Amino acid sequence: MSEAAVEAFDALYAHCSTALFHQTFLLTGRRGRSRESVARAFALAWERWPEVAVDRDPVGWVRAAAYEYALSPWHRLRLAHRAVDPPPEEPGERALLDALLALPPSYRRTLVLHDAVGLALPETAAETEASTPATASRLMNARAAVVERLPELAEPSSTAERSALLRERIGVLARGHPEASAALPTPDAVRTGSERRARWWTGVVFSFAALLIGLALFALVTMPGRYEPAESPAHRVEEAPPRFGPQPPPPQDLKLRTRLYGELVQGPARPTLRAD
């Protein structure tokens with residue numbers, strides 16, 4: 001990559017890596033997975049940088065990749081990601097985080113994008129790949145579930161005030177523990193790791209292709225030129241099987257057939273008419 005590409009990538013990383021870390025923490029409740037999600041998203045962005053650089057919203061591109069990795073169901077199979085991080089010390093933040101993690105992943109993502117990131121409803125729908133009515137329904141259901149677990153959020157009379165209060169509480173929770181984001185890798189480390197991973201996968205693909213070619217050549221060399229049926233092993237016949245089919249005629253039948261054939265050839269002459 002050129003020096004300009006490196007500078008643009010580093011600027012993008014410095015601009016949104018910390019915010020992405022806090023947002024993915026709201027989605028997962030695990031700081032380790034949040035750091036890994038941010039690193040993987042930016043590594044993928046560097047791998048596809050010609051595509052990301054011309055995207056109309058590079059921040060949204062990286063954010064979508066980080067959210068997809070953070071909410072991947074495959075993390076359930078990893079022992080390292082089953083342990084839950086210590087909850088926030090403040091009771092209100094702990095209750096809000098528990099309410100967020102109790103939501104379905106699609107509801108949680110919609111609520112974070114709209115109320116924590118501040119995207120409009122159409123932009124939230126586009127990023128979650130859902131229709132605007134479906135996104136609005138998810139958002140209302142998510143807010144209702146959170147308010148049910150946190151009754152103090154239902155105190156404002158108007159819906160706008162409740163939404164503003166919820167947005168403020170989520171923002172405070174997302175920005176909490178700023179020291180946790182200090183463990184994020186440097187952009188140089190992300191770029192180096194992405195290039196190393198790309199070289200490793202390239203080597204794996206070439207090795208697999210070489211293995212397939214070697215197996216094909218080995219099969220061509222060792223394959224016989226013509227088919228030779230295998231000879232069945234000889235075995236001793238203990239008893240002859242009974243004969244089937246038509247048997248030779250007995251002597252009397254042969255004698256009768258000979259006589260009949262002779263009579264047909266040498267039989268009496270046919271009577272003929274004479275004119276006297």
# chains A, B, ... in the order shown; residues from 1 in each chain; ligands from 1
call {"tool": "select_by_dssp", "arguments": {"residues": "stretch 113-197 of chain A", "states": "alpha helix (DSSP H)", "output": "number ranges by chain"}}
result
A: 121-127, 132-149, 159-175, 187-197
call {"tool": "closest_atom_pairs", "arguments": {"of": "stretch 24-137 of chain A", "to": "stretch 143-153 of chain A", "cutoff": "12 Å", "atoms": "only C-alpha atoms", "output": "Markdown table"}}
result
| residue | atom | partner | partner_atom | distance |
| --- | --- | --- | --- | --- |
| A:Pro91 | CA | A:Leu150 | CA | 11.2 |
| A:Gly92 | CA | A:Leu150 | CA | 8.6 |
| A:Glu93 | CA | A:Leu150 | CA | 10.6 |
| A:Arg94 | CA | A:Leu150 | CA | 10.9 |
| A:Ala95 | CA | A:Leu150 | CA | 7.4 |
| A:Leu96 | CA | A:Leu150 | CA | 7.3 |
| A:Leu97 | CA | A:Val146 | CA | 9.7 |
| A:Asp98 | CA | A:Arg149 | CA | 9.1 |
| A:Ala99 | CA | A:Val146 | CA | 5.5 |
| A:Leu100 | CA | A:Val146 | CA | 6.9 |
| A:Leu101 | CA | A:Val146 | CA | 10.0 |
| A:Ala102 | CA | A:Ala145 | CA | 8.9 |
| A:Leu103 | CA | A:Ala145 | CA | 7.6 |
| A:Pro104 | CA | A:Ala145 | CA | 10.5 |
| A:Tyr107 | CA | A:Arg143 | CA | 9.1 |
| A:Arg108 | CA | A:Arg143 | CA | 9.7 |
| A:Thr110 | CA | A:Arg143 | CA | 10.2 |
| A:Leu111 | CA | A:Arg143 | CA | 7.5 |
| A:Val112 | CA | A:Arg143 | CA | 10.7 |
| A:His114 | CA | A:Arg143 | CA | 11.0 |
| A:Asp115 | CA | A:Arg143 | CA | 9.7 |
| A:Ala136 | CA | A:Arg143 | CA | 10.6 |
| A:Ser137 | CA | A:Arg143 | CA | 10.0 |
call {"tool": "residues_around", "arguments": {"residues": "stretch 37-40 of chain A", "least_positions_apart": "2", "cutoff": "6 Å", "atoms": "only C-alpha atoms", "output": "count of residues only"}}
result
8
call {"tool": "residues_around", "arguments": {"residues": "A:Asp188", "least_positions_apart": "2", "cutoff": "12 Å", "atoms": "only C-alpha atoms", "output": "PyMOL selection string"}}
result
chain A and resi 6-7+9-11+13-14+39+42-43+46+184-186+190-195
call {"tool": "closest_residue", "arguments": {"among": "A:Pro250, A:Gly203, A:Pro50, A:Ala120", "to": "A:Thr135", "atoms": "only C-alpha atoms"}}
result
A:Ala120
call {"tool": "closest_residue", "arguments": {"among": "A:Leu217, A:Val172, A:Leu71, A:Met140", "to": "A:Thr24", "atoms": "only C-alpha atoms"}}
result
A:Leu71
call {"tool": "atom_distance", "arguments": {"atom1": "atom CA of A:Val62", "atom2": "atom CA of A:Ala45"}}
result
6.6 Å
call {"tool": "closest_residue", "arguments": {"among": "A:Leu121, A:Glu127, A:Cys16, A:Ala116", "to": "A:Ala164", "atoms": "only C-alpha atoms"}}
result
A:Ala116
call {"tool": "closest_residue", "arguments": {"among": "A:Gly118, A:Glu239, A:Leu12, A:Ala234", "to": "A:Ile170", "atoms": "only C-alpha atoms"}}
result
A:Gly118
call {"tool": "atom_distance", "arguments": {"atom1": "atom CA of A:Glu47", "atom2": "atom CA of A:Arg196"}}
result
10.4 Å
call {"tool": "atom_distance", "arguments": {"atom1": "atom CA of A:Pro88", "atom2": "atom CA of A:Leu119"}}
result
25.9 Å
